[in-house]
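What follows is a single structure, written as structure tokens, with notes after it.
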Amino acid sequence: MINEKMEKAFLEQINAELFSEYLYLSMKAYFANLNLTGFVNWMDVQVQEERAHAMGMFDYLLERGGKVVLEKIEKPESNWNSPLDVFKAVLKHEEYITSRINALMDVAEETKDRAALAFLNWYLKEQVEEEANVSGVLAQLEMIGEDKNGLLALDKELAARTFVAPVIG
Ligand code: OFO
């Protein structure tokens with residue numbers, strides 16, 4: 001059975017992952033209004049990944065005999081000035097999530113929950129990938145600047161991203 005402190009930390013992270021899903025859904029709507037369908041696709045994959053991250057922890061908590069009590073999800077931002085502005089916000093958010101996963105691992109260490117620590121390793125690696133992926137798009141947007149053709153070329157590239165259900169843990 002999972003201890004209370006670890007359970008609480010997981011519940012807070014489930015909420016943070018569901019907020020991530022909500023945030024990317026809001027960003028997806030922003031890009032849909034700009035008719036940038038490749039960016040819409042990229043965000044849609046992101047939305048599905050975040051749901052998978054939340055459900056991975058949801059299922060894990062239940063498997064460990066914990067109680068899942070869901071809290072309300074914060075309202076996400078809905079206004080950005082440009083695609084570049086959106087991706088700056090994505091990177092900032094992912095860095096925040098990485099810091100949260102690290103804090104979660106601190107709780108696992110503190111409570112000597114080695115099983116949770118092993119489980120969380122997957123999330124830590126995933127965050128490295130997430131940050132690298134987002135940084136790549138951000139760097140391209142910075143290079144593109146005001147060049148509309150560059151933006152359309154990137155949009156085409158982002159249309160190719162596909163969701164692959166992760167095997168968590
Ligand atoms: Fe769940 O990794 Fe992004 O937020």
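Every chain in the structure tokens takes a letter, A first, then B, and so on in the order presented; its residues are numbered from 1, and the ligands are numbered from 1 following the presented order.
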Using only C-alpha atoms and all ligand atoms, which residues have at least one atom no more than 12 Å from ligand 1? Output them as a PyMOL selection string. chain A and resi 13-24+43+45-57+89-101+120+122-134+166+168
Got a sec: who's within 8 Å of stretch 136-151 of chain A, counting only C-alpha atoms, leaving out chain neighbours fewer than 3 positions off, as a ChimeraX atom specification? /A:83-84,87-88,132-133,154-155
Between atom CA of A:Asp44 and atom CA of A:Tyr30, what is the spacing in Å?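 Atom-to-atom, atom CA of A:Tyr30 and atom CA of A:Asp44 are spaced 11.9 Å apart.
Computed from the coordinates, the atom CA of A:Val40 to atom CA of A:Ala159 distance equals 7.9 Å.
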Within 9 Å of stretch 3-6 of chain A, which residues of stretch 45-154 of chain A come that close, and what is the closest atom pair and distance in Å for each? Count only C-alpha atoms and give it as a tab-separated table.
```
residue	atom	partner	partner_atom	distance
A:Gly66	CA	A:Asn3	CA	8.2
A:Leu104	CA	A:Met6	CA	7.9
A:Val107	CA	A:Met6	CA	6.4
A:Ala108	CA	A:Met6	CA	6.5
A:Thr111	CA	A:Met6	CA	7.4
A:Asp113	CA	A:Met6	CA	8.2
A:Ala116	CA	A:Met6	CA	8.5
```
Output file for the residues above (N, CA, C and O atoms, as a PDB file, in the first residue's frame):
```
ATOM      1  N   GLY A  66      -3.873   2.877  -3.715  1.00  0.00           N
ATOM      2  CA  GLY A  66      -4.171   4.262  -3.350  1.00  0.00           C
ATOM      3  C   GLY A  66      -5.587   4.639  -3.713  1.00  0.00           C
ATOM      4  O   GLY A  66      -6.299   3.893  -4.393  1.00  0.00           O
ATOM      5  N   LEU A 104       8.666  14.987  -7.234  1.00  0.00           N
ATOM      6  CA  LEU A 104       7.924  13.754  -6.945  1.00  0.00           C
ATOM      7  C   LEU A 104       8.923  12.633  -6.591  1.00  0.00           C
ATOM      8  O   LEU A 104       8.697  11.828  -5.682  1.00  0.00           O
ATOM      9  N   VAL A 107      10.101  12.944  -3.105  1.00  0.00           N
ATOM     10  CA  VAL A 107       9.164  12.376  -2.126  1.00  0.00           C
ATOM     11  C   VAL A 107       9.336  10.847  -2.091  1.00  0.00           C
ATOM     12  O   VAL A 107       9.340  10.235  -1.015  1.00  0.00           O
ATOM     13  N   ALA A 108       9.512  10.244  -3.266  1.00  0.00           N
ATOM     14  CA  ALA A 108       9.708   8.785  -3.330  1.00  0.00           C
ATOM     15  C   ALA A 108      10.973   8.387  -2.559  1.00  0.00           C
ATOM     16  O   ALA A 108      10.983   7.391  -1.827  1.00  0.00           O
ATOM     17  N   THR A 111      10.389   8.895   1.266  1.00  0.00           N
ATOM     18  CA  THR A 111       9.515   7.888   1.877  1.00  0.00           C
ATOM     19  C   THR A 111      10.021   6.464   1.613  1.00  0.00           C
ATOM     20  O   THR A 111       9.331   5.493   1.908  1.00  0.00           O
ATOM     21  N   ASP A 113      10.228   4.850  -1.048  1.00  0.00           N
ATOM     22  CA  ASP A 113       9.339   4.107  -1.940  1.00  0.00           C
ATOM     23  C   ASP A 113      10.098   3.816  -3.240  1.00  0.00           C
ATOM     24  O   ASP A 113      10.004   4.533  -4.222  1.00  0.00           O
ATOM     25  N   ALA A 116       8.015   3.303  -6.484  1.00  0.00           N
ATOM     26  CA  ALA A 116       7.566   4.563  -7.104  1.00  0.00           C
ATOM     27  C   ALA A 116       8.726   5.237  -7.832  1.00  0.00           C
ATOM     28  O   ALA A 116       8.555   5.808  -8.910  1.00  0.00           O
TER      29      ALA A 116
END
```
What's the 9 Å shell around A:Ala160, counting only C-alpha atoms, without same-chain residues fewer than 2 positions away, as a ChimeraX atom specification? /A:38,41-42,156-158,162
For A:Phe31, which of A:Asp85, A:Ala165, A:Ala153, A:Ser135 is the closest residue, counting only C-alpha atoms? A:Asp85
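You will find atom CA of A:Leu70 at 27.8 Å from atom CA of A:Val86.
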Write out as number ranges by chain all residues of stretch 14-120 of chain A that DSSP puts in alpha helix (DSSP H) for this structure's backbone. A: 14-33, 37-63, 83-110, 114-120
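Closest approach to A:Asn81 from the set A:Met27, A:Val167, A:Asp106, A:Val69 is made by A:Met27, with distances taken over only C-alpha atoms.
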Show which residues sit within 10 Å of A:Gly65, as a PyMOL selection string. Count only C-alpha atoms, and ignore same-chain residues fewer than 6 positions away. chain A and resi 1-3+7
Top pick for closest residue to A:Asn79, considering A:Gly169, A:Leu152, A:Asn33, A:Phe163 and counting only C-alpha atoms: A:Asn33
